[in-house]
Amino acid sequence: MKLIKGGTVVNATGPVQADVLIDDETIAALFAPGRGPGDVETIDATGKYVIPGAIDAHTHMQMPFGGTQASDTFDTGTRAAAIGGTTTIIDFAIQRYGEVVQDGLAAWHAKTEGRCHIDYGFHMILGGVDDDALKAMDQLVADEGITSFKLFMAYPGVFYSDDGQILRAMQKARDNGAMIMMHAENGPAIDVLVKQALERGETDPVHHGITRPQELEAEATSRAIWLAGVAADCPLYIVHLSASKALEQVAAARDTGRNVFAETCPQYLYLTLEDQLGAPGFEGAKWVCSTPLRSKHESHRADLWQGLRTNDLSVVSTDHCPFCMKDQKEMGIGDFSKIPNGIGSVEHRVDLLYQGVVDKKLSLARWVETIATTPARMFGLYPRKGVLAPGADADIVVYDPAGRTRISVQTHHMNMDYSAWEGWEIDGAVDTVLSRGEVISSGGQYRGRAGHGRFVRRGLSDYLR
Ligand code: DUC
Ligand code: ZN
Ligand code: ZN
């Protein structure tokens, strides 16, 4: 048994002074301060917040993409996540066009088995929706603990699904209770703009953003919402929402009571097309991701923070998809369309969102809700994860509001040769991290191990109606 003593427990319901008793892998009880047993190992949390281990519902460890592979393995990526206070990831297993869905899933089980430092689940990317894939959706939901499927309106010739395929997958999800996750950008229209830009000699990284205007995110978001409506209000989750006009579509749908949800990511809350993607020379390649960073001259960042407060955005995930500059991002020197898309932030999401609390953009409760509780409820992990309550897994972060975090490639643990957040300072720091009752990180010392993390079979979303 262990007792986390003297801290302020913060659940999505708000802060309360309490001591947390852990028995083996789970939380046994919460006590009024000082009322817990005295004869057990204690972790002093005086002056600190005690929060549920964070859940990153959108990561791509070692994802084959853009002619290369994301640079974090499940080992390096989940270790970095753990150090940053994330105790569960939901990564994406992939079915490519022409592949059997279950074979894709088996390949991802093989990549992860014995290698993860924290618990993990999978969403399934469907790269080819056909009769077999639709049948496989039922099997994955019923037998495999995989209850969410990602489709792409972008990347023609790679992961792209047309509207007919999307509709069929949505109808299937409506029947079996799964969630459809959508990469909502109009890929065919983007491809036209990319070709025209390259023909004009516009090859720098900033043109990645310019050729993916927010209208093409908003249009795809709106189309996905209409299609989900035709599929009897199939639950729809828009991933990595970056722009004001896309958010308007989600908010309007939610206002009419629709089963529509969305996440954003730290990069869209803080970084911009001009300051990062538009950095001189090839530097901007560090921030090439899709959806792209948006203009600082428009209201995107303020609107996204507001969306988090109003729950039009319910989750913050990272879309962690890291690539090194050397040999990877460099593939796009002279042609921005060849820069592998992705940013790595899995280690920093808890801190970056805590800065939102310090800046009075989010309440403490909302911080916990967007990084832990709602991801758990959205993707069928609750109440096993995402809450500090008796019976829940003892995935716990002790967070020090008096600490300070400095982000740098020199000190981060992700397998990247640069940091998208170089020089950022956060007024707070992860102090201690427990995964199923084991202290895996404490005071900057990592004590976890590959293989501790287990595959978690997920149930249906709590938000399903
Ligand atoms: N966007 C990215 O930036 N990387 C991976 C896939 C995606 O949709
Ligand atoms: Zn995507
Ligand atoms: Zn992604």
# chains A, B, ... in the order shown; residues from 1 in each chain; ligands from 1
>>> residues_near_ligand(ligand="ligand 2", cutoff="9 Å", atoms="only C-alpha atoms and all ligand atoms", output="count of residues only")
14
>>> residues_around(residues="Val346 of chain A", least_positions_apart="2", cutoff="12 Å", atoms="only C-alpha atoms", output="JSON, numbers by chain")
{"A": [54, 55, 56, 57, 58, 59, 60, 61, 72, 74, 76, 77, 78, 79, 80, 81, 82, 83, 84, 85, 86, 87, 88, 89, 90, 91, 265, 266, 267, 316, 317, 318, 319, 320, 321, 322, 342, 343, 344, 348, 349, 350, 351, 352, 371, 412, 413, 414, 415, 416, 419, 420, 421]}
>>> write_last_selection(atoms="N, CA and C atoms", output="short mmCIF file (atom, residue, chain, number, x, y, z; two decimals), in the first residue's frame")
data_model
loop_
_atom_site.label_atom_id
_atom_site.label_comp_id
_atom_site.auth_asym_id
_atom_site.auth_seq_id
_atom_site.Cartn_x
_atom_site.Cartn_y
_atom_site.Cartn_z
N ALA A 54 -2.40 11.44 -17.23
CA ALA A 54 -2.99 12.01 -18.44
C ALA A 54 -3.08 10.96 -19.54
N ILE A 55 -4.04 11.15 -20.42
CA ILE A 55 -4.29 10.20 -21.52
C ILE A 55 -4.13 10.96 -22.83
N ASP A 56 -3.19 10.51 -23.64
CA ASP A 56 -3.01 11.12 -24.96
C ASP A 56 -3.71 10.23 -25.97
N ALA A 57 -4.85 10.70 -26.46
CA ALA A 57 -5.71 9.86 -27.30
C ALA A 57 -5.33 9.91 -28.77
N HIS A 58 -4.17 10.51 -29.07
CA HIS A 58 -3.80 10.62 -30.49
C HIS A 58 -2.28 10.68 -30.62
N THR A 59 -1.67 9.49 -30.81
CA THR A 59 -0.22 9.44 -31.04
C THR A 59 0.07 8.50 -32.22
N HIS A 60 1.24 8.71 -32.81
CA HIS A 60 1.69 7.85 -33.92
C HIS A 60 3.13 7.44 -33.68
N MET A 61 3.36 6.49 -32.79
CA MET A 61 4.73 6.00 -32.60
C MET A 61 5.13 5.14 -33.81
N ASP A 72 9.97 8.24 -33.00
CA ASP A 72 9.83 7.59 -31.70
C ASP A 72 9.32 6.17 -31.88
N PHE A 74 7.77 2.70 -29.90
CA PHE A 74 6.86 2.59 -28.76
C PHE A 74 7.65 2.64 -27.45
N THR A 76 10.74 4.44 -26.90
CA THR A 76 11.17 5.82 -26.59
C THR A 76 9.98 6.75 -26.40
N GLY A 77 8.94 6.56 -27.18
CA GLY A 77 7.80 7.48 -27.12
C GLY A 77 6.99 7.33 -25.85
N THR A 78 6.78 6.08 -25.41
CA THR A 78 5.98 5.92 -24.19
C THR A 78 6.79 6.28 -22.95
N ARG A 79 8.11 6.14 -23.04
CA ARG A 79 8.96 6.57 -21.93
C ARG A 79 8.90 8.08 -21.79
N ALA A 80 9.03 8.78 -22.92
CA ALA A 80 8.94 10.25 -22.89
C ALA A 80 7.57 10.69 -22.40
N ALA A 81 6.54 10.01 -22.86
CA ALA A 81 5.18 10.34 -22.42
C ALA A 81 5.08 10.23 -20.90
N ALA A 82 5.60 9.12 -20.37
CA ALA A 82 5.53 8.87 -18.93
C ALA A 82 6.23 9.98 -18.15
N ILE A 83 7.39 10.36 -18.60
CA ILE A 83 8.16 11.40 -17.90
C ILE A 83 7.35 12.70 -17.87
N GLY A 84 6.57 12.92 -18.92
CA GLY A 84 5.75 14.13 -18.99
C GLY A 84 4.38 14.01 -18.36
N GLY A 85 4.09 12.89 -17.69
CA GLY A 85 2.82 12.80 -16.97
C GLY A 85 1.69 12.12 -17.72
N THR A 86 2.01 11.57 -18.88
CA THR A 86 1.00 10.82 -19.63
C THR A 86 1.16 9.34 -19.32
N THR A 87 0.09 8.71 -18.82
CA THR A 87 0.19 7.32 -18.39
C THR A 87 -0.59 6.35 -19.29
N THR A 88 -1.28 6.90 -20.28
CA THR A 88 -1.92 6.05 -21.29
C THR A 88 -1.85 6.78 -22.63
N ILE A 89 -1.52 6.03 -23.67
CA ILE A 89 -1.69 6.59 -25.01
C ILE A 89 -2.69 5.72 -25.77
N ILE A 90 -3.37 6.35 -26.71
CA ILE A 90 -4.11 5.57 -27.71
C ILE A 90 -3.48 5.90 -29.05
N ASP A 91 -2.80 4.92 -29.60
CA ASP A 91 -2.07 5.05 -30.85
C ASP A 91 -2.97 4.51 -31.98
N CYS A 265 -4.83 20.40 -30.44
CA CYS A 265 -3.50 19.98 -29.99
C CYS A 265 -2.72 21.21 -29.53
N PRO A 266 -1.72 21.01 -28.68
CA PRO A 266 -0.98 22.17 -28.16
C PRO A 266 -0.41 23.07 -29.26
N GLN A 267 0.04 22.47 -30.36
CA GLN A 267 0.65 23.31 -31.41
C GLN A 267 -0.32 24.35 -31.96
N VAL A 316 -7.70 17.59 -25.54
CA VAL A 316 -6.42 18.01 -26.11
C VAL A 316 -5.53 16.78 -26.21
N SER A 317 -5.18 16.44 -27.43
CA SER A 317 -4.23 15.35 -27.71
C SER A 317 -3.03 15.97 -28.40
N THR A 318 -1.99 15.17 -28.65
CA THR A 318 -0.82 15.78 -29.31
C THR A 318 -0.76 15.57 -30.82
N ASP A 319 -1.35 14.47 -31.34
CA ASP A 319 -1.04 14.03 -32.71
C ASP A 319 0.48 13.84 -32.82
N HIS A 320 1.05 13.30 -31.75
CA HIS A 320 2.51 13.10 -31.70
C HIS A 320 2.96 12.26 -32.89
N CYS A 321 3.70 12.85 -33.79
CA CYS A 321 4.19 12.15 -34.99
C CYS A 321 5.55 12.76 -35.33
N PRO A 322 6.59 12.40 -34.54
CA PRO A 322 7.87 13.10 -34.64
C PRO A 322 8.72 12.62 -35.81
N GLY A 342 4.42 16.11 -39.35
CA GLY A 342 4.26 15.73 -37.95
C GLY A 342 5.12 16.52 -37.00
N ILE A 343 4.59 16.66 -35.78
CA ILE A 343 5.28 17.35 -34.69
C ILE A 343 5.28 16.40 -33.49
N GLY A 344 6.32 16.45 -32.68
CA GLY A 344 6.36 15.62 -31.48
C GLY A 344 6.17 16.45 -30.23
N HIS A 348 5.18 16.84 -23.52
CA HIS A 348 4.96 18.21 -23.02
C HIS A 348 3.51 18.63 -22.86
N ARG A 349 2.58 17.78 -23.23
CA ARG A 349 1.17 18.21 -23.27
C ARG A 349 0.65 18.61 -21.89
N VAL A 350 0.99 17.84 -20.86
CA VAL A 350 0.48 18.15 -19.52
C VAL A 350 0.99 19.53 -19.09
N ASP A 351 2.27 19.78 -19.31
CA ASP A 351 2.85 21.08 -18.94
C ASP A 351 2.27 22.20 -19.80
N LEU A 352 2.21 22.00 -21.09
CA LEU A 352 1.75 23.08 -21.98
C LEU A 352 0.32 23.48 -21.66
N ILE A 371 -7.29 16.78 -20.59
CA ILE A 371 -6.11 15.94 -20.84
C ILE A 371 -6.25 14.52 -20.29
N HIS A 412 14.96 16.87 -23.50
CA HIS A 412 13.75 16.05 -23.70
C HIS A 412 14.14 14.58 -23.92
N HIS A 413 13.13 13.73 -23.86
CA HIS A 413 13.37 12.29 -23.94
C HIS A 413 12.81 11.67 -25.21
N MET A 414 12.17 12.49 -26.02
CA MET A 414 11.64 11.99 -27.29
C MET A 414 12.80 11.78 -28.26
N ASN A 415 12.64 10.86 -29.18
CA ASN A 415 13.72 10.56 -30.13
C ASN A 415 13.65 11.53 -31.32
N MET A 416 13.97 12.78 -31.04
CA MET A 416 13.94 13.83 -32.05
C MET A 416 15.21 14.66 -31.91
N SER A 419 13.55 20.29 -30.90
CA SER A 419 12.28 20.41 -30.18
C SER A 419 11.43 21.46 -30.85
N ALA A 420 10.18 21.13 -31.08
CA ALA A 420 9.23 22.12 -31.63
C ALA A 420 8.95 23.21 -30.61
N TRP A 421 9.42 22.99 -29.37
CA TRP A 421 9.12 23.89 -28.25
C TRP A 421 10.40 24.41 -27.62
#
>>> select_by_dssp(residues="segment 73-122 of chain A", states="alpha helix (DSSP H)", output="list in words")
Phe74, Asp75, Thr76, Gly77, Thr78, Arg79, Ala80, Ala81, Ala82, Ile83, Val101, Gln102, Asp103, Gly104, Leu105, Ala106, Ala107, Trp108, His109, Ala110, Lys111 and Thr112 of chain A
>>> closest_residue(among="A:Glu263, A:Asp417, A:Glu298, A:Glu274", to="ligand 3", atoms="only C-alpha atoms and all ligand atoms")
A:Glu263
>>> atom_distance(atom1="atom CA of Phe282 of chain A", atom2="atom CA of Asn341 of chain A")
14.2 Å
>>> residues_around(residues="Pro390 of chain A", least_positions_apart="5", cutoff="8 Å", atoms="only C-alpha atoms", output="list in words")
Thr26, Ile27, Ala28, Ala29 and Leu30 of chain A
>>> residues_around(residues="His117 of chain A", least_positions_apart="5", cutoff="8 Å", atoms="only C-alpha atoms", output="PyMOL selection string")
chain A and resi 75+78-79+82+448-453
>>> write_last_selection(atoms="N, CA and C atoms", output="PDB file, in the first residue's frame")
ATOM      1  N   ASP A  75       8.887   2.212 -27.490  1.00  0.00           N
ATOM      2  CA  ASP A  75       9.736   2.291 -26.293  1.00  0.00           C
ATOM      3  C   ASP A  75      10.082   3.756 -25.980  1.00  0.00           C
ATOM      4  N   THR A  78       6.785   6.084 -25.408  1.00  0.00           N
ATOM      5  CA  THR A  78       5.977   5.921 -24.192  1.00  0.00           C
ATOM      6  C   THR A  78       6.794   6.283 -22.951  1.00  0.00           C
ATOM      7  N   ARG A  79       8.108   6.138 -23.044  1.00  0.00           N
ATOM      8  CA  ARG A  79       8.961   6.565 -21.926  1.00  0.00           C
ATOM      9  C   ARG A  79       8.901   8.084 -21.788  1.00  0.00           C
ATOM     10  N   ALA A  82       5.605   9.118 -20.369  1.00  0.00           N
ATOM     11  CA  ALA A  82       5.532   8.870 -18.928  1.00  0.00           C
ATOM     12  C   ALA A  82       6.231   9.975 -18.150  1.00  0.00           C
ATOM     13  N   GLY A 448      10.832   3.688 -14.614  1.00  0.00           N
ATOM     14  CA  GLY A 448       9.943   2.722 -15.270  1.00  0.00           C
ATOM     15  C   GLY A 448      10.710   1.748 -16.141  1.00  0.00           C
ATOM     16  N   ARG A 449       9.939   0.955 -16.886  1.00  0.00           N
ATOM     17  CA  ARG A 449      10.613  -0.018 -17.748  1.00  0.00           C
ATOM     18  C   ARG A 449       9.716  -0.383 -18.928  1.00  0.00           C
ATOM     19  N   ALA A 450      10.384  -0.667 -20.032  1.00  0.00           N
ATOM     20  CA  ALA A 450       9.665  -1.168 -21.202  1.00  0.00           C
ATOM     21  C   ALA A 450       9.018  -2.490 -20.826  1.00  0.00           C
ATOM     22  N   GLY A 451       7.801  -2.668 -21.235  1.00  0.00           N
ATOM     23  CA  GLY A 451       7.100  -3.911 -20.921  1.00  0.00           C
ATOM     24  C   GLY A 451       6.155  -3.776 -19.748  1.00  0.00           C
ATOM     25  N   HIS A 452       6.304  -2.692 -18.977  1.00  0.00           N
ATOM     26  CA  HIS A 452       5.335  -2.463 -17.892  1.00  0.00           C
ATOM     27  C   HIS A 452       3.951  -2.152 -18.483  1.00  0.00           C
ATOM     28  N   GLY A 453       3.940  -1.410 -19.586  1.00  0.00           N
ATOM     29  CA  GLY A 453       2.673  -0.985 -20.182  1.00  0.00           C
ATOM     30  C   GLY A 453       1.918  -2.145 -20.803  1.00  0.00           C
TER      31      GLY A 453
END
>>> atom_distance(atom1="atom CA of Pro375 of chain A", atom2="atom CA of Ser314 of chain A")
8.2 Å
>>> closest_residue(among="A:Lys385, A:His208, A:Arg454, A:Arg377", to="ligand 1", atoms="only C-alpha atoms and all ligand atoms")
A:His208
>>> closest_residue(among="A:Phe31, A:Tyr49, A:Trp108, A:Trp226", to="Ala402 of chain A", atoms="only C-alpha atoms")
A:Tyr49
>>> atom_distance(atom1="atom CA of Arg465 of chain A", atom2="atom CA of Arg223 of chain A")
21.1 Å
>>> residues_around(residues="Phe159 of chain A", least_positions_apart="5", cutoff="9 Å", atoms="only C-alpha atoms", output="list in words")
Gln95, Arg96, Tyr97, Ile125, Leu126, Gly127, Gly128, Leu151, Phe152, Met153 and Ala154 of chain A
>>> closest_residue(among="A:Pro383, A:Gly257, A:Gly334, A:Pro292", to="ligand 3", atoms="only C-alpha atoms and all ligand atoms")
A:Pro292
>>> decode(residues="segment 218-351 of chain A", atoms="C-alpha atoms", output="short mmCIF file (atom, residue, chain, number, x, y, z; two decimals), in the first residue's frame")
data_model
loop_
_atom_site.label_atom_id
_atom_site.label_comp_id
_atom_site.auth_asym_id
_atom_site.auth_seq_id
_atom_site.Cartn_x
_atom_site.Cartn_y
_atom_site.Cartn_z
CA ALA A 218 -13.92 23.84 -42.50
CA GLU A 219 -15.45 22.39 -45.67
CA ALA A 220 -14.31 18.87 -44.82
CA THR A 221 -15.43 19.26 -41.22
CA SER A 222 -18.85 20.39 -42.37
CA ARG A 223 -19.09 17.58 -44.94
CA ALA A 224 -18.14 15.00 -42.32
CA ILE A 225 -20.82 16.38 -40.02
CA TRP A 226 -23.48 16.20 -42.77
CA LEU A 227 -22.43 12.67 -43.70
CA ALA A 228 -22.60 11.58 -40.07
CA GLY A 229 -26.08 13.10 -39.94
CA VAL A 230 -27.12 10.97 -42.92
CA ALA A 231 -25.74 7.98 -41.02
CA ALA A 232 -28.36 8.56 -38.30
CA ASP A 233 -26.07 10.82 -36.23
CA CYS A 234 -23.15 8.44 -36.09
CA PRO A 235 -20.76 9.61 -33.33
CA LEU A 236 -18.09 11.74 -35.00
CA TYR A 237 -14.83 13.00 -33.51
CA ILE A 238 -12.86 15.56 -35.50
CA VAL A 239 -9.14 15.12 -34.88
CA HIS A 240 -6.52 17.87 -34.65
CA LEU A 241 -8.91 20.75 -35.24
CA SER A 242 -6.80 23.83 -35.92
CA ALA A 243 -8.91 26.66 -37.24
CA SER A 244 -11.74 29.01 -36.31
CA LYS A 245 -13.98 28.19 -39.27
CA ALA A 246 -13.75 24.45 -38.59
CA LEU A 247 -14.57 25.09 -34.95
CA GLU A 248 -17.66 27.05 -36.03
CA GLN A 249 -18.92 23.95 -37.85
CA VAL A 250 -18.43 21.77 -34.79
CA ALA A 251 -20.02 24.32 -32.46
CA ALA A 252 -23.06 24.73 -34.73
CA ALA A 253 -23.56 20.95 -34.86
CA ARG A 254 -23.21 20.63 -31.11
CA ASP A 255 -25.69 23.44 -30.60
CA THR A 256 -28.30 21.32 -32.34
CA GLY A 257 -27.51 18.38 -30.06
CA ARG A 258 -25.49 16.38 -32.54
CA ASN A 259 -23.06 13.58 -31.60
CA VAL A 260 -20.11 15.65 -32.78
CA PHE A 261 -16.90 16.10 -30.82
CA ALA A 262 -13.48 17.55 -31.51
CA GLU A 263 -9.95 17.68 -30.19
CA THR A 264 -7.25 20.24 -30.67
CA CYS A 265 -3.50 19.98 -29.99
CA PRO A 266 -0.98 22.17 -28.16
CA GLN A 267 0.65 23.31 -31.41
CA TYR A 268 -2.57 25.00 -32.54
CA LEU A 269 -3.05 26.67 -29.17
CA TYR A 270 0.40 28.27 -29.14
CA LEU A 271 2.28 28.17 -32.47
CA THR A 272 1.62 30.02 -35.73
CA LEU A 273 2.14 29.91 -39.46
CA GLU A 274 4.19 33.08 -39.46
CA ASP A 275 6.39 32.56 -36.40
CA GLN A 276 7.15 28.86 -36.72
CA LEU A 277 6.21 27.48 -40.15
CA GLY A 278 7.45 30.68 -41.75
CA ALA A 279 10.83 30.61 -40.01
CA PRO A 280 13.74 31.49 -42.32
CA GLY A 281 15.24 28.97 -44.73
CA PHE A 282 14.24 25.37 -44.14
CA GLU A 283 13.75 25.84 -40.38
CA GLY A 284 9.96 25.93 -40.75
CA ALA A 285 10.02 22.23 -41.66
CA LYS A 286 10.15 21.53 -37.92
CA TRP A 287 6.52 22.59 -37.72
CA VAL A 288 5.12 20.96 -40.83
CA CYS A 289 2.10 19.01 -39.66
CA SER A 290 -1.42 18.49 -40.93
CA THR A 291 -3.71 20.19 -40.22
CA PRO A 292 -1.19 23.06 -40.42
CA LEU A 293 -0.39 25.86 -38.02
CA ARG A 294 -2.65 28.86 -38.61
CA SER A 295 -2.08 32.60 -39.05
CA LYS A 296 -1.35 34.72 -36.01
CA HIS A 297 -3.24 37.57 -37.69
CA GLU A 298 -6.53 35.69 -37.33
CA SER A 299 -8.29 34.64 -34.12
CA HIS A 300 -7.59 30.90 -34.25
CA ARG A 301 -5.66 30.53 -31.01
CA ALA A 302 -8.09 32.62 -28.95
CA ASP A 303 -11.03 30.77 -30.50
CA LEU A 304 -9.50 27.36 -29.71
CA TRP A 305 -8.91 28.30 -26.06
CA GLN A 306 -12.49 29.49 -25.90
CA GLY A 307 -13.66 26.27 -27.54
CA LEU A 308 -11.90 24.34 -24.78
CA ARG A 309 -13.76 26.37 -22.17
CA THR A 310 -17.16 25.92 -23.82
CA ASN A 311 -16.59 22.20 -24.52
CA ASP A 312 -16.96 22.63 -28.27
CA LEU A 313 -13.44 21.23 -28.07
CA SER A 314 -13.50 18.44 -25.54
CA VAL A 315 -10.03 16.93 -25.70
CA VAL A 316 -6.42 18.01 -26.11
CA SER A 317 -4.23 15.35 -27.71
CA THR A 318 -0.82 15.78 -29.31
CA ASP A 319 -1.04 14.03 -32.71
CA HIS A 320 2.51 13.10 -31.70
CA CYS A 321 4.19 12.15 -34.99
CA PRO A 322 7.87 13.10 -34.64
CA PHE A 323 10.46 13.22 -37.38
CA CYS A 324 14.09 14.29 -37.10
CA MET A 325 15.39 17.15 -39.22
CA LYS A 326 18.33 15.07 -40.35
CA ASP A 327 17.41 12.58 -43.08
CA GLN A 328 13.67 12.94 -42.42
CA LYS A 329 12.35 16.52 -42.60
CA GLU A 330 15.31 17.16 -44.92
CA MET A 331 13.62 14.99 -47.53
CA GLY A 332 11.59 18.10 -48.34
CA ILE A 333 14.40 20.56 -49.04
CA GLY A 334 13.35 22.24 -52.27
CA ASP A 335 9.81 20.74 -52.14
CA PHE A 336 7.67 21.33 -49.05
CA SER A 337 5.24 18.57 -50.11
CA LYS A 338 7.95 15.98 -49.40
CA ILE A 339 8.49 17.06 -45.79
CA PRO A 340 7.08 14.31 -43.57
CA ASN A 341 4.09 15.72 -41.71
CA GLY A 342 4.26 15.73 -37.95
CA ILE A 343 5.28 17.35 -34.69
CA GLY A 344 6.36 15.62 -31.48
CA SER A 345 4.91 16.83 -28.18
CA VAL A 346 3.89 13.73 -26.25
CA GLU A 347 6.24 14.66 -23.39
CA HIS A 348 4.96 18.21 -23.02
CA ARG A 349 1.17 18.21 -23.27
CA VAL A 350 0.48 18.15 -19.52
CA ASP A 351 2.85 21.08 -18.94
#
